[in-house]
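Asks: Quick one, work_38.cif (mmCIF, C-alpha atoms):
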```
data_coords
loop_
_atom_site.label_atom_id
_atom_site.label_comp_id
_atom_site.auth_asym_id
_atom_site.auth_seq_id
_atom_site.Cartn_x
_atom_site.Cartn_y
_atom_site.Cartn_z
CA MET H 1 -29.81 1.34 -18.31
CA LYS H 2 -29.79 0.15 -21.89
CA LYS H 3 -28.96 -3.46 -22.59
CA SER H 4 -25.81 -2.53 -24.47
CA LYS H 5 -24.60 -0.50 -21.51
CA ILE H 6 -25.33 -3.37 -19.14
CA LEU H 7 -23.36 -5.67 -21.41
CA VAL H 8 -20.39 -3.30 -21.52
CA ALA H 9 -20.52 -2.89 -17.75
CA THR H 10 -20.70 -6.65 -17.23
CA VAL H 11 -17.81 -7.36 -19.57
CA PHE H 12 -15.74 -4.62 -17.93
CA ALA H 13 -16.53 -5.99 -14.47
CA ALA H 14 -15.58 -9.48 -15.63
CA ILE H 15 -12.24 -8.27 -16.96
CA ILE H 16 -11.57 -6.44 -13.70
CA GLY H 17 -12.49 -9.58 -11.80
CA LEU H 18 -10.06 -11.67 -13.81
CA ILE H 19 -7.02 -9.53 -13.30
CA THR H 20 -5.95 -8.60 -9.82
CA ILE H 21 -4.26 -5.29 -10.18
CA ALA H 22 -0.91 -3.81 -8.97
CA ALA H 23 0.74 -1.41 -7.69
CA ASP H 24 -1.66 -1.62 -4.84
CA HIS H 25 -4.58 -1.33 -7.21
CA ILE H 26 -7.22 -3.72 -5.88
CA ASP H 27 -4.74 -5.45 -3.61
CA ALA H 28 -6.96 -7.04 -1.01
CA PRO H 29 -10.52 -8.37 -0.68
CA ALA H 30 -11.72 -5.93 1.99
CA THR H 31 -10.75 -2.80 0.07
CA SER H 32 -10.98 -3.99 -3.53
CA GLY H 33 -13.43 -1.94 -5.55
CA THR H 34 -14.35 0.28 -2.61
CA ASN H 35 -13.83 4.02 -2.29
CA ALA H 36 -11.13 3.30 0.29
CA ASP H 37 -8.90 1.37 -2.16
CA ILE H 38 -5.51 3.06 -2.47
CA THR H 39 -3.94 2.56 -5.88
CA ASP H 40 -0.61 4.30 -5.46
CA PHE H 41 1.55 6.63 -3.42
CA TYR H 42 4.37 8.92 -4.55
CA ALA H 43 6.74 11.25 -2.70
CA PHE H 44 9.20 13.43 -4.59
CA GLN H 45 11.01 16.75 -4.53
CA GLY H 46 8.91 19.61 -5.92
CA GLU H 47 9.61 22.06 -8.70
CA ASN H 48 10.60 24.32 -5.82
CA THR H 49 13.32 22.08 -4.38
CA SER H 50 12.59 23.33 -0.85
CA ASN H 51 9.30 21.43 -1.05
CA LEU H 52 8.28 17.77 -1.04
CA VAL H 53 5.24 16.53 -2.99
CA PHE H 54 2.94 13.74 -1.84
CA VAL H 55 0.54 12.06 -4.27
CA ALA H 56 -2.11 9.65 -2.98
CA ASN H 57 -4.36 7.98 -5.53
CA VAL H 58 -7.59 6.08 -4.88
CA GLN H 59 -10.25 4.34 -6.98
CA GLY H 60 -8.19 2.98 -9.85
CA LEU H 61 -9.05 1.88 -13.38
CA LEU H 62 -11.66 4.56 -13.95
CA SER H 63 -12.78 4.76 -17.57
CA PRO H 64 -13.31 8.29 -18.94
CA SER H 65 -17.09 7.93 -18.54
CA ALA H 66 -16.74 6.56 -15.01
CA SER H 67 -14.38 9.44 -14.17
CA ALA H 68 -17.10 11.97 -14.90
CA THR H 69 -19.23 10.62 -12.08
CA ALA H 70 -16.59 9.24 -9.69
CA SER H 71 -16.28 11.09 -6.40
CA PHE H 72 -14.28 10.99 -3.21
CA ASP H 73 -16.18 9.31 -0.38
CA GLU H 74 -17.05 11.66 2.48
CA ASN H 75 -16.72 8.72 4.88
CA VAL H 76 -13.12 8.05 3.87
CA MET H 77 -10.28 10.07 5.39
CA VAL H 78 -6.94 9.78 3.61
CA GLU H 79 -3.93 10.15 5.88
CA ILE H 80 -0.32 10.70 4.83
CA ASN H 81 1.98 9.40 7.57
CA ILE H 82 5.49 10.76 8.09
CA ASP H 83 8.10 9.10 10.32
CA THR H 84 11.04 11.45 10.98
CA ASN H 85 13.08 9.28 13.40
CA ASP H 86 13.04 5.90 11.61
CA ASP H 87 11.05 3.99 14.22
CA LYS H 88 8.33 3.25 11.60
CA ILE H 89 5.76 5.11 13.72
CA GLU H 90 4.20 8.30 12.40
CA ASP H 91 5.49 11.52 13.95
CA LEU H 92 3.47 13.78 11.66
CA VAL H 93 0.33 13.30 9.60
CA ILE H 94 -1.57 15.20 6.93
CA GLN H 95 -5.28 14.39 6.77
CA ALA H 96 -7.53 14.88 3.74
CA ILE H 97 -11.29 14.50 3.81
CA PRO H 98 -13.95 15.71 1.35
CA ARG H 99 -17.10 17.66 2.20
CA ASP H 100 -19.59 18.95 -0.38
CA GLY H 101 -17.21 19.40 -3.33
CA THR H 102 -14.26 20.63 -1.27
CA MET H 103 -11.24 18.64 -0.07
CA TYR H 104 -10.20 19.75 3.42
CA PHE H 105 -6.66 19.25 4.69
CA PHE H 106 -5.42 19.24 8.28
CA GLY H 107 -1.72 19.40 9.12
CA PRO H 108 1.02 18.52 9.02
CA PHE H 109 0.60 17.97 12.77
CA ALA H 110 1.90 15.59 15.42
CA PRO H 111 -0.96 13.18 16.26
CA SER H 112 -1.79 12.73 19.94
CA SER H 113 -2.04 8.97 19.39
CA THR H 114 -0.86 6.62 16.65
CA GLY H 115 -2.16 3.36 15.27
CA LEU H 116 -5.22 2.10 13.40
CA ASN H 117 -7.86 4.43 14.81
CA SER H 118 -7.90 8.17 14.38
CA SER H 119 -10.07 11.25 14.21
CA VAL H 120 -9.89 14.47 12.24
CA ASN H 121 -7.87 17.09 14.10
CA GLU H 122 -9.80 20.29 13.49
CA LEU H 123 -7.33 22.23 15.64
CA ALA H 124 -4.50 21.56 13.19
CA THR H 125 -3.56 23.88 10.33
CA LYS H 126 -6.58 23.80 8.03
CA SER H 127 -6.47 24.19 4.26
CA GLU H 128 -8.93 23.46 1.49
CA VAL H 129 -9.25 23.21 -2.27
CA ALA H 130 -12.31 22.88 -4.49
CA ILE H 131 -12.37 19.37 -5.98
CA THR H 132 -11.63 19.70 -9.68
CA ALA H 133 -14.53 18.49 -11.81
CA TYR H 134 -13.83 16.06 -14.64
CA GLY H 135 -13.18 17.88 -17.90
CA THR H 136 -12.17 21.17 -16.27
CA ASN H 137 -8.72 22.67 -15.67
CA ALA H 138 -7.00 21.73 -12.42
CA THR H 139 -7.99 23.92 -9.48
CA VAL H 140 -4.99 24.55 -7.24
CA ALA H 141 -4.99 26.17 -3.81
CA ASN H 142 -1.97 27.94 -2.33
CA THR H 143 -2.60 28.09 1.40
CA ASN H 144 -0.42 28.12 4.52
CA GLY H 145 2.72 27.88 2.38
CA MET H 146 1.46 24.64 0.79
CA LYS H 147 -0.21 23.65 -2.48
CA PHE H 148 -3.26 21.44 -2.81
CA PHE H 149 -5.13 19.57 -5.53
CA ALA H 150 -7.91 16.98 -5.52
CA GLY H 151 -9.71 15.42 -8.47
CA PRO H 152 -9.50 13.01 -11.40
CA ARG H 153 -6.11 12.58 -13.16
CA ASP H 154 -4.59 10.14 -15.59
CA ASP H 155 -3.31 7.13 -13.62
CA PRO H 156 0.46 7.75 -13.51
CA PHE H 157 1.14 4.06 -12.91
CA PHE H 158 2.31 1.93 -15.84
CA MET H 159 2.90 -1.82 -16.08
CA ASP H 160 2.09 -4.83 -18.21
CA PHE H 161 0.01 -6.24 -15.40
CA ALA H 162 -1.94 -8.60 -17.62
CA GLN H 163 1.25 -10.40 -18.66
CA TYR H 164 2.53 -10.42 -15.07
CA GLY H 165 -0.71 -12.17 -14.10
CA ALA H 166 -0.27 -14.67 -16.92
CA ILE H 167 3.25 -15.46 -15.70
CA ILE H 168 2.20 -15.81 -12.06
CA ASN H 169 -0.69 -18.08 -13.05
CA GLY H 170 1.58 -20.27 -15.16
CA ASN H 171 0.04 -19.26 -18.50
CA ALA H 172 3.17 -17.52 -19.81
CA SER H 173 6.89 -17.90 -19.21
CA SER H 174 8.09 -14.41 -20.07
CA PHE H 175 7.12 -10.78 -20.58
CA ASN H 176 6.39 -9.54 -24.10
CA SER H 177 8.57 -7.04 -25.92
CA PRO H 178 7.19 -4.47 -26.23
CA GLY H 179 4.81 -4.89 -23.30
CA ALA H 180 1.30 -3.44 -23.08
CA ASP H 181 0.45 -0.90 -20.36
CA THR H 182 -2.60 -2.34 -18.58
CA PHE H 183 -3.33 1.12 -17.12
CA ALA H 184 -3.22 3.07 -20.38
CA GLY H 185 -6.29 5.21 -20.89
CA THR H 186 -7.50 4.91 -17.29
CA ASN H 187 -7.86 7.49 -14.54
CA VAL H 188 -7.68 7.70 -10.76
CA LEU H 189 -8.85 10.17 -8.13
CA SER H 190 -5.76 12.03 -6.95
CA ILE H 191 -4.86 14.03 -3.90
CA VAL H 192 -1.68 16.08 -4.33
CA VAL H 193 -0.04 18.07 -1.52
CA GLU H 194 3.18 20.08 -1.77
CA VAL H 195 4.72 20.87 1.61
CA PRO H 196 7.85 22.79 2.64
CA LYS H 197 10.48 20.27 3.73
CA SER H 198 10.99 22.44 6.82
CA GLN H 199 7.54 21.32 8.05
CA ILE H 200 8.24 17.58 7.77
CA GLY H 201 11.69 17.11 9.24
CA GLY H 202 13.86 19.56 7.29
CA SER H 203 16.66 17.26 6.20
CA GLY H 204 17.76 13.64 6.29
CA THR H 205 15.52 10.72 5.37
CA ILE H 206 11.88 10.25 6.31
CA ASN H 207 9.67 7.18 6.00
CA THR H 208 6.21 7.79 4.64
CA TRP H 209 3.07 5.80 3.86
CA VAL H 210 -0.57 6.48 3.13
CA THR H 211 -3.68 5.02 4.73
CA THR H 212 -7.39 5.21 4.05
CA ASN H 213 -9.63 5.31 7.07
CA ALA H 214 -13.38 4.72 7.12
CA LYS H 215 -15.75 6.57 9.44
CA GLN H 216 -17.21 4.17 12.00
CA MET O 1 -57.81 32.45 -5.03
CA LYS O 2 -55.75 32.09 -8.13
CA ILE O 3 -52.45 30.33 -7.94
CA PHE O 4 -50.37 33.38 -8.88
CA LYS O 5 -51.92 35.31 -6.01
CA ILE O 6 -50.91 32.57 -3.59
CA LYS O 7 -47.41 32.78 -5.03
CA TYR O 8 -47.26 36.54 -4.47
CA ILE O 9 -48.44 36.20 -0.93
CA ALA O 10 -45.93 33.47 -0.30
CA ILE O 11 -43.13 35.58 -1.77
CA ALA O 12 -44.21 38.58 0.29
CA ALA O 13 -44.29 36.49 3.44
CA LEU O 14 -40.88 35.06 2.63
CA SER O 15 -39.49 38.55 2.03
CA LEU O 16 -40.74 39.67 5.42
CA PHE O 17 -39.11 36.65 7.00
CA ILE O 18 -35.80 37.26 5.24
CA MET O 19 -35.89 40.95 6.15
CA SER O 20 -36.47 40.16 9.78
CA CYS O 21 -33.55 37.77 9.57
CA SER O 22 -31.27 40.35 8.06
CA ASN O 23 -32.42 42.80 10.73
CA ASN O 24 -30.75 40.49 13.19
CA ASP O 25 -27.52 41.12 11.35
CA ASP O 26 -27.67 44.72 12.42
CA SER O 27 -27.26 43.67 15.99
CA ASP O 28 -23.94 42.75 17.56
CA VAL O 29 -24.60 39.05 17.07
CA THR O 30 -23.12 37.89 13.74
CA MET O 31 -24.60 34.82 12.12
CA ALA O 32 -22.10 32.00 12.09
CA PRO O 33 -21.95 29.75 9.01
CA ILE O 34 -23.06 26.18 9.55
CA ALA O 35 -19.97 24.31 10.71
CA THR O 36 -18.68 21.48 8.52
CA ASP O 37 -18.89 18.24 10.44
CA PHE O 38 -15.64 16.29 10.70
CA SER O 39 -16.61 14.39 13.84
CA GLY O 40 -16.35 10.69 14.46
CA SER O 41 -13.71 8.04 14.70
CA PHE O 42 -12.04 6.50 11.67
CA ALA O 43 -10.63 2.99 11.30
CA GLN O 44 -7.82 2.07 8.92
CA LYS O 45 -8.82 0.10 5.80
CA ASP O 46 -5.92 0.25 3.36
CA GLN O 47 -2.23 1.09 3.61
CA LEU O 48 0.61 1.57 1.13
CA GLY O 49 4.25 2.57 1.25
CA ARG O 50 6.17 1.01 -1.63
CA PRO O 51 4.41 0.04 -4.85
CA ALA O 52 3.12 -3.49 -5.44
CA VAL O 53 4.52 -4.94 -2.21
CA ASN O 54 1.21 -6.26 -0.88
CA THR O 55 0.22 -7.48 -4.36
CA VAL O 56 3.40 -9.46 -4.95
CA PHE O 57 4.63 -10.65 -1.56
CA VAL O 58 1.58 -11.13 0.65
CA SER O 59 -0.31 -14.40 0.34
CA ALA O 60 -3.96 -14.10 -0.68
CA ALA O 61 -5.41 -14.93 2.73
CA SER O 62 -3.26 -12.32 4.50
CA LYS O 63 -3.72 -9.27 2.24
CA ASP O 64 -6.38 -7.62 4.40
CA GLU O 65 -4.41 -8.32 7.57
CA PHE O 66 -1.32 -6.70 6.04
CA ASN O 67 -3.35 -3.54 5.36
CA VAL O 68 -4.29 -3.20 9.02
CA THR O 69 -0.91 -4.05 10.56
CA ILE O 70 1.02 -0.91 11.52
CA PRO O 71 4.45 -0.65 9.82
CA SER O 72 6.39 -1.05 13.07
CA GLN O 73 4.85 -4.54 13.44
CA GLN O 74 4.88 -5.63 9.79
CA GLY O 75 8.46 -6.93 9.73
CA ALA O 76 8.03 -9.35 12.64
CA LYS O 77 4.67 -10.52 11.34
CA PHE O 78 5.32 -10.86 7.62
CA GLN O 79 9.05 -11.18 6.83
CA SER O 80 9.04 -15.00 6.74
CA MET O 81 5.98 -15.03 4.45
CA PHE O 82 7.69 -12.52 2.15
CA GLU O 83 10.83 -14.66 2.03
CA ALA O 84 8.87 -17.84 1.24
CA ASN O 85 6.97 -16.08 -1.54
CA LEU O 86 10.14 -14.49 -2.95
CA THR O 87 12.10 -17.74 -3.12
CA GLY O 88 9.02 -19.52 -4.48
CA LEU O 89 8.67 -16.92 -7.21
CA SER O 90 12.26 -16.32 -8.28
CA PRO O 91 15.08 -18.74 -9.15
CA ALA O 92 17.57 -15.91 -8.51
CA TYR O 93 17.73 -16.82 -4.79
CA ALA O 94 17.92 -20.61 -5.24
CA ASN O 95 21.57 -21.09 -4.30
CA ALA O 96 23.32 -20.38 -1.02
CA GLY O 97 24.86 -16.93 -1.10
CA ASP O 98 22.50 -15.62 -3.79
CA ALA O 99 21.70 -11.93 -3.57
CA ASN O 100 20.24 -9.13 -5.67
CA ALA O 101 22.06 -6.13 -7.15
CA LEU O 102 21.75 -4.27 -3.84
CA GLY O 103 23.77 -7.09 -2.27
CA LEU O 104 20.75 -8.21 -0.25
CA ASP O 105 20.04 -11.92 0.21
CA ALA O 106 16.47 -13.20 0.37
CA ALA O 107 16.14 -12.73 4.14
CA THR O 108 17.60 -9.22 4.17
CA PHE O 109 15.70 -8.06 1.08
CA THR O 110 12.35 -9.29 2.41
CA GLY O 111 13.18 -7.79 5.81
CA LEU O 112 13.44 -4.44 4.06
CA LEU O 113 10.26 -4.92 2.01
CA ALA O 114 8.03 -6.32 4.76
CA THR O 115 8.06 -2.96 6.55
CA ASP O 116 6.03 -1.22 3.88
CA VAL O 117 7.16 2.39 4.11
CA LEU O 118 8.60 4.60 1.39
CA ASN O 119 12.04 6.03 2.27
CA VAL O 120 12.35 9.63 1.09
CA SER O 121 15.38 11.91 1.11
CA LEU O 122 14.80 15.56 2.02
CA ASP O 123 18.27 16.47 0.74
CA GLY O 124 18.14 16.07 -3.04
CA THR O 125 17.20 13.60 -5.74
CA THR O 126 14.06 11.62 -5.00
CA THR O 127 13.79 8.39 -6.96
CA PHE O 128 13.01 4.72 -6.50
CA TYR O 129 16.16 3.96 -8.50
CA ASP O 130 17.83 6.02 -11.21
CA GLY O 131 21.07 4.10 -11.70
CA THR O 132 22.79 6.01 -8.91
CA ASN O 133 20.33 6.78 -6.13
CA VAL O 134 18.42 3.92 -4.51
CA LEU O 135 15.16 4.22 -2.55
CA THR O 136 15.29 7.98 -1.98
CA GLY O 137 11.64 8.51 -2.87
CA ARG O 138 9.28 7.73 -5.73
CA ALA O 139 8.96 10.07 -8.68
CA LEU O 140 6.06 9.85 -11.12
CA ALA O 141 8.19 8.68 -14.04
CA ASP O 142 10.14 6.03 -12.09
CA ASP O 143 9.80 2.59 -13.69
CA VAL O 144 9.21 1.04 -10.28
CA ILE O 145 7.93 -2.29 -11.57
CA THR O 146 11.02 -2.97 -13.66
CA VAL O 147 13.20 -2.00 -10.69
CA GLU O 148 11.30 -4.44 -8.47
CA LEU O 149 11.42 -7.17 -11.13
CA LEU O 150 15.19 -6.67 -11.46
CA LEU O 151 15.63 -6.94 -7.70
CA ILE O 152 13.43 -10.04 -7.61
CA PHE O 153 14.65 -11.86 -10.73
CA GLY O 154 17.81 -10.12 -11.94
CA GLY O 155 20.36 -11.61 -9.55
CA GLU O 156 23.59 -9.96 -8.46
CA ASP O 157 24.16 -7.97 -11.67
CA PHE O 158 20.66 -7.67 -13.22
CA SER O 159 21.63 -10.29 -15.83
CA GLU O 160 19.67 -13.31 -14.59
CA ASN O 161 16.21 -14.27 -15.91
CA PRO O 162 16.10 -11.45 -18.49
CA THR O 163 12.64 -12.40 -19.80
CA LEU O 164 11.18 -11.97 -16.30
CA SER O 165 13.09 -8.94 -15.07
CA ASP O 166 11.53 -6.29 -17.35
CA ASP O 167 7.88 -5.89 -18.33
CA ASN O 168 8.97 -3.69 -21.25
CA VAL O 169 6.59 -0.88 -20.30
CA SER O 170 8.95 1.91 -19.34
CA SER O 171 6.90 5.10 -19.31
CA ASN O 172 3.43 6.46 -18.69
CA ASP O 173 0.79 6.86 -21.39
CA LYS O 174 0.74 10.65 -20.83
CA ASP O 175 3.55 13.09 -20.10
CA PHE O 176 3.87 14.53 -16.61
CA SER O 177 4.10 18.24 -15.88
CA THR O 178 7.08 19.86 -14.20
CA SER O 179 4.62 22.06 -12.28
CA PHE O 180 1.99 21.41 -9.64
CA PRO O 181 -0.13 19.22 -9.66
CA TYR O 182 2.41 17.31 -11.82
CA LEU O 183 -0.03 14.55 -12.89
CA ALA O 184 -1.53 14.58 -16.38
CA SER O 185 -5.12 15.55 -17.05
CA PRO O 186 -7.54 12.60 -17.12
CA TRP O 187 -8.54 10.66 -20.24
#
```
Could I get this file's structure written as C-alpha cells?

Replies:
Amino acid sequence: MKKSKILVATVFAAIIGLITIAADHIDAPATSGTNADITDFYAFQGENTSNLVFVANVQGLLSPSASATASFDENVMVEINIDTNDDKIEDLVIQAIPRDGTMYFFGPFAPSSTGLNSSVNELATKSEVAITAYGTNATVANTNGMKFFAGPRDDPFFMDFAQYGAIINGNASSFNSPGADTFAGTNVLSIVVEVPKSQIGGSGTINTWVTTNAKQ
Amino acid sequence: MKIFKIKYIAIAALSLFIMSCSNNDDSDVTMAPIATDFSGSFAQKDQLGRPAVNTVFVSAASKDEFNVTIPSQQGAKFQSMFEANLTGLSPAYANAGDANALGLDAATFTGLLATDVLNVSLDGTTTFYDGTNVLTGRALADDVITVELLLIFGGEDFSENPTLSDDNVSSNDKDFSTSFPYLASPW
C-alpha cells in the first residue's frame, strides 16, 4: 500500500473511531466494525400492496472504493424474525446466508426452537439471488412468489450524527440548521426481501426484528 | 521430450479421463452437483428492531448484552436503564406528570422502547410516524431520528427544546425507487 493510501486509511479509521454511529451503525463493542454489524432495518408495504418488504443492512459507512471490495461474510447468517401473536417471540423467520457469490434464502418458516442459537433450515422454502456486484445494475430474483436482492446500496439512513455526538459529549448545545448528513456519500450491504403478507400473518400487526448470527 | 509434447500428452490423457467420466453419464446414475454446505450452529451477535435504540438508550457497558438479550426479556432487564438515560438526557420529563406527544410518561415510553421490536401493520400505511399513523412500520424515507428526538425532547406538543428536537436533516442523499429493490444505487 502506498503511503498516501495508508494515511487516508488511518485518518478515515480515526474519524470512525471518534464518532460512534447511529441508527444501530457501530452500536456495540463486540459487533462494531465486524461483518456482523447491523446498521439498519426497515419494514414497509411494497409497491404491490399485498406484499411487505424487509430491508436489512450490514457493514455501514462504506466508501465507494471500499464498496467495490466489500462482501457478505459466509460465516454470518442474517435472520429476519417475525412475531405474529405479540408475545415478542419469533413465530416465523427468514434466513439469508451467502455462498460463493449467491445469497441463499430459507423461509419464511416456523423455527423448531427460538432464542440465541440457530441453524440453517435447509428443508424450508429455498430461494436464491446472485449478489449484485458493485457498479452493476441490481440483480433481482422472483422466486416462490417473493422478490430478492443482495448487494451494495446507498445507505438509506440520514442524520446529523456528528452534531448529535457533539451535543451528547457536551461540546454543543443545539443542532445546526441546516444539519449535515453524516451518512451522505456512503454505502451499505443490503438484503431486500419482498414477501406476500399472506405468508407472514395476513393481517393485523406483527413485530419484527433482525439478527446477525455467527457460525460457531 | 519437448514441453509442447508433454502438454499434448497431458491434454490427451485428460480428454480420456473426461470422456470416461461422461460415459458414466450414460448410465442410470446421474451425477449430483456438489451440495452447498449450510451446516453448523450459529450464535446471535447483533440485533435491531427500532432505529438508534441501542445507541441512545443503552449504557456503554451494556450494549453487547442488549444485543444478545431476546426481545421477550429486554423489557424486564433494561427498562429502568432506559428510563434513567432518558431522564438524564432530556429536560422534557423533569416534572411530575411530564409526557411526550404520544401521551407516554418516561416509564411508559421506555417500557415501549426497551423491547426492541419494530411494530408493522399488514393492513395499510407503514410508517414510523407520518403525522397520522404512529409506529406502523418503517419506510425508507421516514425521518426516524427527528421523530425520536421529538419524542425524547419535544414534550407534550413537540414545542419543548426546539434546538434539540430536530437534527435538520430530513431526507436521504439519494432518491428512493418506488420499485424493488427500492434502495438507491451505491455511490

Asks: List the residues selected by the PyMOL selection byres ((chain O) within 7 of (chain H)) in the file shown, writing them as a PyMOL selection string.

Replies: chain O and resi 38-49+51-52+54-55+63-64+68+70-72+117-123+126+137-140+145+163-164+167-169+171-173+178-179+181+183-187

Asks: For the file shown, what are the residues hit by the PyMOL selection byres ((chain O and resi 91-102) around 7), laid out as a PyMOL selection string?

Replies: chain O and resi 87+89-90+103-106+151+153-158+160

Asks: Looking at O:Ile152, O:Val147, O:Ala114, O:Ala107, which one is nearest to Thr69 (chain O), with distances taken over all atoms listed in the file?

Replies: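 Closest to Thr69 (chain O), using all atoms listed in the file: O:Ala114.
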
Asks: Give, as JSON, the centre coordinates and the x, y and z edge lengths in Å to one decimal for an axis-aligned box around all listed atoms of region 130-141 of chain H, padded by 5 Å on each side.

Replies:
```
{"center_x": -9.8, "center_y": 21.1, "center_z": -10.9, "size_x": 19.5, "size_y": 20.1, "size_z": 24.1}
```

Asks: CA of Gln59 (chain H) to CA of Phe180 (chain O): how many Å, to one decimal?

Replies: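 About the pair CA of Gln59 (chain H) and CA of Phe180 (chain O): they are 21.2 Å apart.
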
Asks: What is the CA of Gln74 (chain O)-CA of Thr84 (chain H) distance in Å, reported with one decimal?

Replies: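 Computing the Euclidean distance for CA of Gln74 (chain O) and CA of Thr84 (chain H) yields 18.2 Å.
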
Asks: Residues proximal to (-18.5, 20.1, -4.1) were defined as those with any atom within 9 Å of that point in the file's coordinates, counting all atoms listed in the file. Which are they, as a PyMOL selection string?

Replies: chain H and resi 98-103+130-133

Asks: When you draw a straight line from CA of Leu123 (chain H) to CA of Asn67 (chain O), how long is it in Å?

Replies: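 Separation of CA of Leu123 (chain H) and CA of Asn67 (chain O): 28.0 Å.
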
Asks: Using only C-alpha atoms, which residues sit within 7 Å of Phe128 (chain O) once same-chain residues fewer than 2 positions away are excluded, as a PyMOL selection string?

Replies: chain O and resi 130+134-138+142+144

Asks: Residues at most 8 Å from Asn85 (chain O), counting only C-alpha atoms, excluding those fewer than 5 positions away in the same chain, as a ChimeraX atom specification?

Replies: /O:57-59
